[in-house]
Protein chains: 2
Amino acid sequence: MKSLEEKIIKYGVVRDGNVLKVDSFLNHQMDISLFNEIGKEFHRLYKDENITKIVTIEASGIGVACIAAQYFNVPVVFAKKSKTSNLTGDVYQGRIYSFTHQCFTDIYIKKSYINEDDNILIIDDFLAMGGALDGLIQIVDEAGAKLAGAGIVIEKGFQGGGDLIRSKGVRVESLAIIESMNDGELVFRH
Amino acid sequence: MKSLEEKIIKYGVVRDGNVLKVDSFLNHQMDISLFNEIGKEFHRLYKDENITKIVTIEASGIGVACIAAQYFNVPVVFAKKSKTSNLTGDVYQGRIYSFTHQCFTDIYIKKSYINEDDNILIIDDFLAMGGALDGLIQIVDEAGAKLAGAGIVIEKGFQGGGDLIRSKGVRVESLAIIESMNDGELVFRH
């Protein structure tokens, strides 16, 4: 998506260790006009799939997922990263490995909110090693729901998580895929 | 807001200890059509205030804030509850007391994203004792920004947090205020 790539080039900041900071428009401050373009693009890609629900993970996936959901006219369910007092009753559980923090985190969705009649679109802001997406797919599978695919805003293609998940037959549509960012120069996959 | 009150009566679940569960439409599964009505209502209330930015707190405030932001045509900034590797540089810090978990949590917003030229609308899904709203107000004050007010989806009026903050001169608009929920019967303030 051209306007997204331009935004990443203009406002993204590359840091040591293959870190790309996009918190000025994506995951701390959020550019809602851009989110609307992103939502329309996810809808263009998945509009024939009869999506019944969008699933994402707290916190930074929620904004994009909610804006996109307007175009599909479906509810959003976000996976929670802790089993607080707000999360009671039966839950589906997925396990994600964070390569950034080098630890496992369990994520939860209440069983009432996904079932085998659902056709799920997973939406998230970032895909690098694929840990979060993999955890969400575990939950969709456990619920017996159909997975239409995933819509990702930015994929760090060179970290391989997206291609690994594609190789398992999952449709993964990323609106910007970064092929490399050596010496701070961003190269996109087209 | 009539349609919101009806939704709370129909789908809200009252639990022991003055707990109101609205996770089927507000803070786990999210009813985006309702969020649009909520966003329009916040805009109706604050449209003359020249809002420049909406501020909320992760995670469950983000969805409502993003949908509402479309009507104001402004960006959203969400406060983070931990200072992870994603949050670098100078930050404003607020401290919130959670009466549910009986502990303090520090929240952070990067200094670049609020400044003294901003006129802020704070949006959140819930207001009970007022801890989260108070922490966000601390950050707006620290940034030297103007605070137009707060837009809250559900206020538990009987817990006093909203009225305490109003008594300090802050405009707090809650779309549904629960006056009491004794024996599971919800009574709204009008």
# chains A, B, ... in the order shown; residues from 1 in each chain; ligands from 1
>>> closest_atom_pairs(of="chain A", to="chain B", cutoff="7 Å", atoms="only C-alpha atoms", output="JSON lines")
{"residue": "A:His28", "atom": "CA", "partner": "B:Val77", "partner_atom": "CA", "distance": 5.7}
{"residue": "A:Gln29", "atom": "CA", "partner": "B:Val77", "partner_atom": "CA", "distance": 4.2}
{"residue": "A:Met30", "atom": "CA", "partner": "B:Val76", "partner_atom": "CA", "distance": 5.1}
{"residue": "A:Asp31", "atom": "CA", "partner": "B:Pro75", "partner_atom": "CA", "distance": 5.1}
{"residue": "A:Ile32", "atom": "CA", "partner": "B:Pro75", "partner_atom": "CA", "distance": 5.8}
{"residue": "A:Glu58", "atom": "CA", "partner": "B:Ala59", "partner_atom": "CA", "distance": 6.0}
{"residue": "A:Ala59", "atom": "CA", "partner": "B:Ala59", "partner_atom": "CA", "distance": 5.0}
{"residue": "A:Ile62", "atom": "CA", "partner": "B:Gly63", "partner_atom": "CA", "distance": 6.0}
{"residue": "A:Gly63", "atom": "CA", "partner": "B:Gly63", "partner_atom": "CA", "distance": 5.4}
{"residue": "A:Cys66", "atom": "CA", "partner": "B:Gly63", "partner_atom": "CA", "distance": 5.8}
{"residue": "A:Ile67", "atom": "CA", "partner": "B:Ile67", "partner_atom": "CA", "distance": 6.4}
{"residue": "A:Ala69", "atom": "CA", "partner": "B:Ile32", "partner_atom": "CA", "distance": 7.0}
{"residue": "A:Gln70", "atom": "CA", "partner": "B:Ile32", "partner_atom": "CA", "distance": 6.6}
{"residue": "A:Pro75", "atom": "CA", "partner": "B:Asp31", "partner_atom": "CA", "distance": 5.1}
{"residue": "A:Val76", "atom": "CA", "partner": "B:Met30", "partner_atom": "CA", "distance": 5.1}
{"residue": "A:Val77", "atom": "CA", "partner": "B:Gln29", "partner_atom": "CA", "distance": 4.2}
{"residue": "A:Phe78", "atom": "CA", "partner": "B:His28", "partner_atom": "CA", "distance": 5.8}
{"residue": "A:Tyr113", "atom": "CA", "partner": "B:Gln29", "partner_atom": "CA", "distance": 6.7}
>>> write_last_selection(atoms="C-alpha atoms", output="mmCIF file, in the first residue's frame")
data_model
loop_
_atom_site.group_PDB
_atom_site.id
_atom_site.type_symbol
_atom_site.label_atom_id
_atom_site.label_comp_id
_atom_site.auth_asym_id
_atom_site.auth_seq_id
_atom_site.Cartn_x
_atom_site.Cartn_y
_atom_site.Cartn_z
ATOM 1 C CA HIS A 28 1.281 4.887 20.326
ATOM 2 C CA GLN A 29 -0.022 7.916 18.481
ATOM 3 C CA MET A 30 -2.539 6.645 15.934
ATOM 4 C CA ASP A 31 -3.263 8.341 12.593
ATOM 5 C CA ILE A 32 -6.962 7.605 12.160
ATOM 6 C CA GLU A 58 -4.296 -6.076 22.920
ATOM 7 C CA ALA A 59 -3.153 -3.361 22.848
ATOM 8 C CA ILE A 62 -7.232 -2.867 18.659
ATOM 9 C CA GLY A 63 -7.358 0.504 16.900
ATOM 10 C CA CYS A 66 -11.972 -1.487 15.141
ATOM 11 C CA ILE A 67 -11.613 0.920 12.220
ATOM 12 C CA ALA A 69 -14.465 -3.687 11.327
ATOM 13 C CA GLN A 70 -16.680 -0.819 10.165
ATOM 14 C CA PRO A 75 -17.711 -7.131 15.851
ATOM 15 C CA VAL A 76 -14.109 -7.225 17.056
ATOM 16 C CA VAL A 77 -12.801 -9.541 19.779
ATOM 17 C CA PHE A 78 -9.397 -8.841 21.261
ATOM 18 C CA TYR A 113 -17.144 -14.904 21.634
#
>>> residues_around(residues="Leu175 in chain A", least_positions_apart="3", cutoff="7 Å", atoms="only C-alpha atoms", output="list in words")
Met1, Ile152, Val153 and Ile154 of chain A
>>> write_last_selection(atoms="N, CA, C and O atoms", output="mmCIF file, in the first residue's frame")
data_model
loop_
_atom_site.group_PDB
_atom_site.id
_atom_site.type_symbol
_atom_site.label_atom_id
_atom_site.label_comp_id
_atom_site.auth_asym_id
_atom_site.auth_seq_id
_atom_site.Cartn_x
_atom_site.Cartn_y
_atom_site.Cartn_z
ATOM 1 N N MET A 1 0.865 -1.178 0.000
ATOM 2 C CA MET A 1 0.000 0.000 0.000
ATOM 3 C C MET A 1 0.902 1.228 0.000
ATOM 4 O O MET A 1 1.627 1.475 0.976
ATOM 5 N N ILE A 152 -2.294 -7.732 8.114
ATOM 6 C CA ILE A 152 -1.206 -7.159 8.916
ATOM 7 C C ILE A 152 -0.856 -5.792 8.336
ATOM 8 O O ILE A 152 -0.802 -5.635 7.115
ATOM 9 N N VAL A 153 -0.602 -4.820 9.187
ATOM 10 C CA VAL A 153 -0.228 -3.501 8.662
ATOM 11 C C VAL A 153 1.226 -3.542 8.169
ATOM 12 O O VAL A 153 1.494 -3.301 7.000
ATOM 13 N N ILE A 154 2.160 -3.856 9.049
ATOM 14 C CA ILE A 154 3.576 -3.895 8.655
ATOM 15 C C ILE A 154 4.176 -5.261 8.984
ATOM 16 O O ILE A 154 4.104 -5.711 10.129
#
>>> select_by_dssp(residues="chain A", states="strand (DSSP E or B)", output="PyMOL selection string")
chain A and resi 13-15+19-21+29-30+53-57+76-80+91-98+103-110+119-127+146-156+172-180+187-188
>>> residues_around(residues="range 161-168 of chain B", least_positions_apart="6", cutoff="6 Å", atoms="only C-alpha atoms", output="ChimeraX atom specification")
/B:128-130
>>> write_last_selection(atoms="N, CA and C atoms", output="PDB file, in the first residue's frame")
ATOM      1  N   ALA B 128     -14.961   4.404  37.403  1.00  0.00           N
ATOM      2  CA  ALA B 128     -15.519   3.940  38.676  1.00  0.00           C
ATOM      3  C   ALA B 128     -14.978   4.842  39.784  1.00  0.00           C
ATOM      4  N   MET B 129     -13.837   4.494  40.360  1.00  0.00           N
ATOM      5  CA  MET B 129     -13.241   5.312  41.407  1.00  0.00           C
ATOM      6  C   MET B 129     -12.461   6.492  40.799  1.00  0.00           C
ATOM      7  N   GLY B 130     -12.177   6.422  39.516  1.00  0.00           N
ATOM      8  CA  GLY B 130     -11.553   7.561  38.842  1.00  0.00           C
ATOM      9  C   GLY B 130     -10.045   7.492  38.717  1.00  0.00           C
TER      10      GLY B 130
END
>>> residues_around(residues="Ser82 in chain A", least_positions_apart="4", cutoff="9 Å", atoms="only C-alpha atoms", output="PDB file with N, CA and C atoms, in the first residue's frame")
ATOM      1  N   LEU A  87     -11.826 -11.243  33.365  1.00  0.00           N
ATOM      2  CA  LEU A  87     -11.965 -12.355  32.428  1.00  0.00           C
ATOM      3  C   LEU A  87     -12.349 -13.607  33.198  1.00  0.00           C
ATOM      4  N   THR A 105       4.068 -15.808  26.639  1.00  0.00           N
ATOM      5  CA  THR A 105       2.905 -15.160  27.236  1.00  0.00           C
ATOM      6  C   THR A 105       1.674 -15.942  26.809  1.00  0.00           C
ATOM      7  N   ASP A 106       0.782 -16.198  27.740  1.00  0.00           N
ATOM      8  CA  ASP A 106      -0.485 -16.829  27.371  1.00  0.00           C
ATOM      9  C   ASP A 106      -1.494 -15.750  27.053  1.00  0.00           C
ATOM     10  N   ILE A 107      -2.321 -16.003  26.048  1.00  0.00           N
ATOM     11  CA  ILE A 107      -3.375 -15.061  25.677  1.00  0.00           C
ATOM     12  C   ILE A 107      -4.718 -15.787  25.729  1.00  0.00           C
ATOM     13  N   TYR A 108      -5.760 -14.999  25.972  1.00  0.00           N
ATOM     14  CA  TYR A 108      -7.064 -15.597  26.263  1.00  0.00           C
ATOM     15  C   TYR A 108      -8.196 -14.906  25.520  1.00  0.00           C
TER      16      TYR A 108
END
>>> closest_residue(among="B:Ala150, B:Val140, B:Leu186, B:Leu133", to="Glu5 in chain B", atoms="only C-alpha atoms")
B:Leu186
>>> select_by_dssp(residues="range 13-190 of chain A", states="alpha helix (DSSP H)", output="JSON list (two decimals) with N, CA and C atoms, in the first residue's frame")
[["chain", "number", "residue", "atom", "x", "y", "z"],
["A", 32, "ILE", "N", -5.68, 8.26, 12.44],
["A", 32, "ILE", "CA", -6.96, 7.61, 12.16],
["A", 32, "ILE", "C", -7.32, 7.71, 10.68],
["A", 33, "SER", "N", -6.88, 8.75, 9.98],
["A", 33, "SER", "CA", -7.11, 8.81, 8.53],
["A", 33, "SER", "C", -6.39, 7.66, 7.83],
["A", 34, "LEU", "N", -5.15, 7.43, 8.23],
["A", 34, "LEU", "CA", -4.40, 6.29, 7.68],
["A", 34, "LEU", "C", -5.10, 4.98, 8.03],
["A", 35, "PHE", "N", -5.58, 4.87, 9.29],
["A", 35, "PHE", "CA", -6.27, 3.64, 9.71],
["A", 35, "PHE", "C", -7.48, 3.38, 8.82],
["A", 36, "ASN", "N", -8.16, 4.44, 8.40],
["A", 36, "ASN", "CA", -9.31, 4.25, 7.52],
["A", 36, "ASN", "C", -8.88, 3.72, 6.15],
["A", 37, "GLU", "N", -7.79, 4.23, 5.64],
["A", 37, "GLU", "CA", -7.27, 3.69, 4.37],
["A", 37, "GLU", "C", -6.90, 2.21, 4.52],
["A", 38, "ILE", "N", -6.26, 1.91, 5.66],
["A", 38, "ILE", "CA", -5.86, 0.52, 5.94],
["A", 38, "ILE", "C", -7.09, -0.38, 6.04],
["A", 39, "GLY", "N", -8.11, 0.11, 6.75],
["A", 39, "GLY", "CA", -9.35, -0.67, 6.91],
["A", 39, "GLY", "C", -10.00, -0.95, 5.56],
["A", 40, "LYS", "N", -10.03, 0.07, 4.69],
["A", 40, "LYS", "CA", -10.62, -0.12, 3.36],
["A", 40, "LYS", "C", -9.84, -1.15, 2.56],
["A", 41, "GLU", "N", -8.52, -1.11, 2.70],
["A", 41, "GLU", "CA", -7.68, -2.05, 1.94],
["A", 41, "GLU", "C", -7.88, -3.49, 2.44],
["A", 42, "PHE", "N", -7.97, -3.67, 3.76],
["A", 42, "PHE", "CA", -8.26, -5.03, 4.28],
["A", 42, "PHE", "C", -9.62, -5.50, 3.74],
["A", 43, "HIS", "N", -10.58, -4.57, 3.66],
["A", 43, "HIS", "CA", -11.90, -4.95, 3.16],
["A", 43, "HIS", "C", -11.83, -5.32, 1.68],
["A", 44, "ARG", "N", -11.05, -4.55, 0.92],
["A", 44, "ARG", "CA", -10.91, -4.88, -0.50],
["A", 44, "ARG", "C", -10.34, -6.30, -0.67],
["A", 45, "LEU", "N", -9.38, -6.65, 0.19],
["A", 45, "LEU", "CA", -8.72, -7.95, 0.07],
["A", 45, "LEU", "C", -9.61, -9.11, 0.53],
["A", 46, "TYR", "N", -10.46, -8.85, 1.54],
["A", 46, "TYR", "CA", -11.20, -9.96, 2.16],
["A", 46, "TYR", "C", -12.71, -9.83, 2.00],
["A", 61, "GLY", "N", -3.12, -3.66, 18.38],
["A", 61, "GLY", "CA", -3.93, -4.12, 17.26],
["A", 61, "GLY", "C", -5.36, -3.60, 17.29],
["A", 62, "ILE", "N", -5.80, -3.17, 18.47],
["A", 62, "ILE", "CA", -7.23, -2.87, 18.66],
["A", 62, "ILE", "C", -7.71, -1.72, 17.77],
["A", 63, "GLY", "N", -6.92, -0.66, 17.67],
["A", 63, "GLY", "CA", -7.36, 0.50, 16.90],
["A", 63, "GLY", "C", -7.60, 0.17, 15.44],
["A", 64, "VAL", "N", -6.63, -0.44, 14.79],
["A", 64, "VAL", "CA", -6.75, -0.81, 13.39],
["A", 64, "VAL", "C", -7.91, -1.79, 13.20],
["A", 65, "ALA", "N", -8.04, -2.75, 14.12],
["A", 65, "ALA", "CA", -9.11, -3.76, 14.00],
["A", 65, "ALA", "C", -10.48, -3.09, 14.07],
["A", 66, "CYS", "N", -10.66, -2.15, 14.98],
["A", 66, "CYS", "CA", -11.97, -1.49, 15.14],
["A", 66, "CYS", "C", -12.31, -0.65, 13.91],
["A", 67, "ILE", "N", -11.35, 0.10, 13.41],
["A", 67, "ILE", "CA", -11.61, 0.92, 12.22],
["A", 67, "ILE", "C", -11.94, 0.01, 11.03],
["A", 68, "ALA", "N", -11.18, -1.07, 10.87],
["A", 68, "ALA", "CA", -11.43, -1.99, 9.75],
["A", 68, "ALA", "C", -12.80, -2.65, 9.87],
["A", 69, "ALA", "N", -13.21, -2.97, 11.09],
["A", 69, "ALA", "CA", -14.47, -3.69, 11.33],
["A", 69, "ALA", "C", -15.67, -2.94, 10.77],
["A", 70, "GLN", "N", -15.57, -1.61, 10.70],
["A", 70, "GLN", "CA", -16.68, -0.82, 10.16],
["A", 70, "GLN", "C", -16.98, -1.18, 8.72],
["A", 71, "TYR", "N", -15.95, -1.53, 7.96],
["A", 71, "TYR", "CA", -16.14, -1.85, 6.54],
["A", 71, "TYR", "C", -16.72, -3.25, 6.35],
["A", 72, "PHE", "N", -16.48, -4.12, 7.34],
["A", 72, "PHE", "CA", -17.03, -5.49, 7.28],
["A", 72, "PHE", "C", -18.36, -5.60, 8.01],
["A", 131, "GLY", "N", 5.02, -14.68, 16.38],
["A", 131, "GLY", "CA", 4.54, -15.24, 17.66],
["A", 131, "GLY", "C", 3.09, -14.90, 17.96],
["A", 132, "ALA", "N", 2.72, -13.63, 17.85],
["A", 132, "ALA", "CA", 1.36, -13.21, 18.20],
["A", 132, "ALA", "C", 0.35, -13.82, 17.24],
["A", 133, "LEU", "N", 0.66, -13.78, 15.94],
["A", 133, "LEU", "CA", -0.27, -14.33, 14.95],
["A", 133, "LEU", "C", -0.45, -15.83, 15.19],
["A", 134, "ASP", "N", 0.63, -16.52, 15.49],
["A", 134, "ASP", "CA", 0.56, -17.95, 15.74],
["A", 134, "ASP", "C", -0.35, -18.23, 16.95],
["A", 135, "GLY", "N", -0.23, -17.43, 18.00],
["A", 135, "GLY", "CA", -1.08, -17.61, 19.19],
["A", 135, "GLY", "C", -2.55, -17.39, 18.88],
["A", 136, "LEU", "N", -2.84, -16.40, 18.04],
["A", 136, "LEU", "CA", -4.23, -16.13, 17.67],
["A", 136, "LEU", "C", -4.80, -17.26, 16.80],
["A", 137, "ILE", "N", -3.95, -17.81, 15.91],
["A", 137, "ILE", "CA", -4.40, -18.93, 15.08],
["A", 137, "ILE", "C", -4.72, -20.16, 15.95],
["A", 138, "GLN", "N", -3.88, -20.39, 16.99],
["A", 138, "GLN", "CA", -4.17, -21.49, 17.92],
["A", 138, "GLN", "C", -5.57, -21.36, 18.51],
["A", 139, "ILE", "N", -5.94, -20.13, 18.89],
["A", 139, "ILE", "CA", -7.25, -19.91, 19.50],
["A", 139, "ILE", "C", -8.38, -20.14, 18.49],
["A", 140, "VAL", "N", -8.21, -19.64, 17.27],
["A", 140, "VAL", "CA", -9.23, -19.85, 16.23],
["A", 140, "VAL", "C", -9.41, -21.34, 15.97],
["A", 141, "ASP", "N", -8.29, -22.08, 15.91],
["A", 141, "ASP", "CA", -8.36, -23.53, 15.69],
["A", 141, "ASP", "C", -9.07, -24.22, 16.85],
["A", 142, "GLU", "N", -8.69, -23.83, 18.07],
["A", 142, "GLU", "CA", -9.27, -24.46, 19.26],
["A", 142, "GLU", "C", -10.78, -24.25, 19.30],
["A", 161, "GLY", "N", 8.65, -14.69, 9.93],
["A", 161, "GLY", "CA", 7.43, -15.20, 10.57],
["A", 161, "GLY", "C", 6.25, -15.29, 9.61],
["A", 162, "GLY", "N", 6.08, -14.30, 8.76],
["A", 162, "GLY", "CA", 4.97, -14.29, 7.82],
["A", 162, "GLY", "C", 5.06, -15.45, 6.82],
["A", 163, "ASP", "N", 6.25, -15.65, 6.27],
["A", 163, "ASP", "CA", 6.40, -16.71, 5.26],
["A", 163, "ASP", "C", 6.25, -18.09, 5.89],
["A", 164, "LEU", "N", 6.69, -18.24, 7.13],
["A", 164, "LEU", "CA", 6.51, -19.52, 7.83],
["A", 164, "LEU", "C", 5.02, -19.84, 7.96],
["A", 165, "ILE", "N", 4.23, -18.83, 8.34],
["A", 165, "ILE", "CA", 2.79, -19.06, 8.52],
["A", 165, "ILE", "C", 2.11, -19.26, 7.17],
["A", 166, "ARG", "N", 2.55, -18.53, 6.14],
["A", 166, "ARG", "CA", 2.01, -18.76, 4.78],
["A", 166, "ARG", "C", 2.28, -20.19, 4.32]]
>>> residues_around(residues="Glu185 in chain B", least_positions_apart="4", cutoff="10 Å", atoms="only C-alpha atoms", output="count of residues only")
4
>>> residues_around(residues="Asn119 in chain A", least_positions_apart="3", cutoff="8 Å", atoms="only C-alpha atoms", output="MDAnalysis selection string")
chainID A and resid 49:53 145:148
>>> atom_distance(atom1="CA of Ile123 in chain A", atom2="CA of Ser174 in chain A")
9.8 Å
>>> closest_residue(among="A:Gly144, A:Gly184, A:Gly157, A:Lys47", to="Gly12 in chain A", atoms="only C-alpha atoms")
A:Gly184
>>> decode(residues="range 117-150 of chain B", atoms="N, CA and C atoms", output="JSON list (two decimals), in the first residue's frame")
[["chain", "number", "residue", "atom", "x", "y", "z"],
["B", 117, "ASP", "N", 0.08, 23.26, 22.88],
["B", 117, "ASP", "CA", -0.89, 23.74, 21.89],
["B", 117, "ASP", "C", -2.12, 22.83, 21.78],
["B", 118, "ASP", "N", -2.07, 21.69, 22.44],
["B", 118, "ASP", "CA", -3.17, 20.73, 22.31],
["B", 118, "ASP", "C", -4.35, 21.06, 23.21],
["B", 119, "ASN", "N", -5.52, 20.73, 22.69],
["B", 119, "ASN", "CA", -6.75, 20.79, 23.48],
["B", 119, "ASN", "C", -7.31, 19.36, 23.49],
["B", 120, "ILE", "N", -7.18, 18.73, 24.65],
["B", 120, "ILE", "CA", -7.33, 17.27, 24.74],
["B", 120, "ILE", "C", -8.74, 16.86, 25.17],
["B", 121, "LEU", "N", -9.25, 15.84, 24.49],
["B", 121, "LEU", "CA", -10.42, 15.12, 24.97],
["B", 121, "LEU", "C", -9.95, 13.74, 25.42],
["B", 122, "ILE", "N", -10.17, 13.42, 26.69],
["B", 122, "ILE", "CA", -9.84, 12.08, 27.20],
["B", 122, "ILE", "C", -11.06, 11.18, 26.99],
["B", 123, "ILE", "N", -10.84, 10.01, 26.43],
["B", 123, "ILE", "CA", -11.94, 9.05, 26.25],
["B", 123, "ILE", "C", -11.58, 7.74, 26.92],
["B", 124, "ASP", "N", -12.53, 7.18, 27.66],
["B", 124, "ASP", "CA", -12.29, 5.85, 28.24],
["B", 124, "ASP", "C", -13.61, 5.08, 28.31],
["B", 125, "ASP", "N", -13.50, 3.78, 28.43],
["B", 125, "ASP", "CA", -14.72, 2.95, 28.44],
["B", 125, "ASP", "C", -15.41, 2.95, 29.79],
["B", 126, "PHE", "N", -14.64, 3.09, 30.87],
["B", 126, "PHE", "CA", -15.21, 2.92, 32.21],
["B", 126, "PHE", "C", -14.68, 3.97, 33.17],
["B", 127, "LEU", "N", -15.53, 4.41, 34.08],
["B", 127, "LEU", "CA", -15.10, 5.30, 35.16],
["B", 127, "LEU", "C", -15.77, 4.82, 36.44],
["B", 128, "ALA", "N", -14.96, 4.40, 37.40],
["B", 128, "ALA", "CA", -15.52, 3.94, 38.68],
["B", 128, "ALA", "C", -14.98, 4.84, 39.78],
["B", 129, "MET", "N", -13.84, 4.49, 40.36],
["B", 129, "MET", "CA", -13.24, 5.31, 41.41],
["B", 129, "MET", "C", -12.46, 6.49, 40.80],
["B", 130, "GLY", "N", -12.18, 6.42, 39.52],
["B", 130, "GLY", "CA", -11.55, 7.56, 38.84],
["B", 130, "GLY", "C", -10.04, 7.49, 38.72],
["B", 131, "GLY", "N", -9.45, 6.39, 39.09],
["B", 131, "GLY", "CA", -8.00, 6.26, 39.08],
["B", 131, "GLY", "C", -7.38, 6.50, 37.71],
["B", 132, "ALA", "N", -7.91, 5.83, 36.68],
["B", 132, "ALA", "CA", -7.33, 5.94, 35.35],
["B", 132, "ALA", "C", -7.49, 7.36, 34.80],
["B", 133, "LEU", "N", -8.68, 7.92, 34.97],
["B", 133, "LEU", "CA", -8.92, 9.29, 34.47],
["B", 133, "LEU", "C", -8.01, 10.28, 35.17],
["B", 134, "ASP", "N", -7.84, 10.10, 36.47],
["B", 134, "ASP", "CA", -6.96, 10.99, 37.22],
["B", 134, "ASP", "C", -5.51, 10.91, 36.70],
["B", 135, "GLY", "N", -5.05, 9.72, 36.41],
["B", 135, "GLY", "CA", -3.70, 9.54, 35.87],
["B", 135, "GLY", "C", -3.53, 10.21, 34.51],
["B", 136, "LEU", "N", -4.56, 10.12, 33.67],
["B", 136, "LEU", "CA", -4.49, 10.76, 32.35],
["B", 136, "LEU", "C", -4.51, 12.28, 32.48],
["B", 137, "ILE", "N", -5.29, 12.79, 33.44],
["B", 137, "ILE", "CA", -5.33, 14.25, 33.67],
["B", 137, "ILE", "C", -3.96, 14.75, 34.14],
["B", 138, "GLN", "N", -3.29, 13.95, 34.99],
["B", 138, "GLN", "CA", -1.93, 14.32, 35.44],
["B", 138, "GLN", "C", -1.01, 14.53, 34.23],
["B", 139, "ILE", "N", -1.13, 13.60, 33.25],
["B", 139, "ILE", "CA", -0.26, 13.68, 32.07],
["B", 139, "ILE", "C", -0.58, 14.92, 31.23],
["B", 140, "VAL", "N", -1.87, 15.19, 31.04],
["B", 140, "VAL", "CA", -2.28, 16.37, 30.25],
["B", 140, "VAL", "C", -1.76, 17.64, 30.94],
["B", 141, "ASP", "N", -1.90, 17.70, 32.27],
["B", 141, "ASP", "CA", -1.40, 18.85, 33.03],
["B", 141, "ASP", "C", 0.11, 18.99, 32.89],
["B", 142, "GLU", "N", 0.81, 17.88, 33.05],
["B", 142, "GLU", "CA", 2.27, 17.89, 32.98],
["B", 142, "GLU", "C", 2.73, 18.40, 31.61],
["B", 143, "ALA", "N", 1.96, 18.06, 30.58],
["B", 143, "ALA", "CA", 2.32, 18.49, 29.22],
["B", 143, "ALA", "C", 1.99, 19.96, 28.98],
["B", 144, "GLY", "N", 1.26, 20.57, 29.91],
["B", 144, "GLY", "CA", 0.85, 21.96, 29.72],
["B", 144, "GLY", "C", -0.25, 22.12, 28.68],
["B", 145, "ALA", "N", -0.90, 21.01, 28.33],
["B", 145, "ALA", "CA", -1.98, 21.07, 27.34],
["B", 145, "ALA", "C", -3.28, 21.50, 28.02],
["B", 146, "LYS", "N", -4.24, 21.96, 27.20],
["B", 146, "LYS", "CA", -5.56, 22.29, 27.73],
["B", 146, "LYS", "C", -6.39, 21.00, 27.75],
["B", 147, "LEU", "N", -7.20, 20.87, 28.77],
["B", 147, "LEU", "CA", -8.08, 19.70, 28.87],
["B", 147, "LEU", "C", -9.51, 20.17, 28.62],
["B", 148, "ALA", "N", -10.08, 19.74, 27.49],
["B", 148, "ALA", "CA", -11.48, 20.12, 27.20],
["B", 148, "ALA", "C", -12.44, 19.35, 28.09],
["B", 149, "GLY", "N", -12.08, 18.11, 28.39],
["B", 149, "GLY", "CA", -12.93, 17.30, 29.25],
["B", 149, "GLY", "C", -12.73, 15.82, 28.96],
["B", 150, "ALA", "N", -13.63, 15.04, 29.55],
["B", 150, "ALA", "CA", -13.54, 13.59, 29.38],
["B", 150, "ALA", "C", -14.86, 13.06, 28.84]]
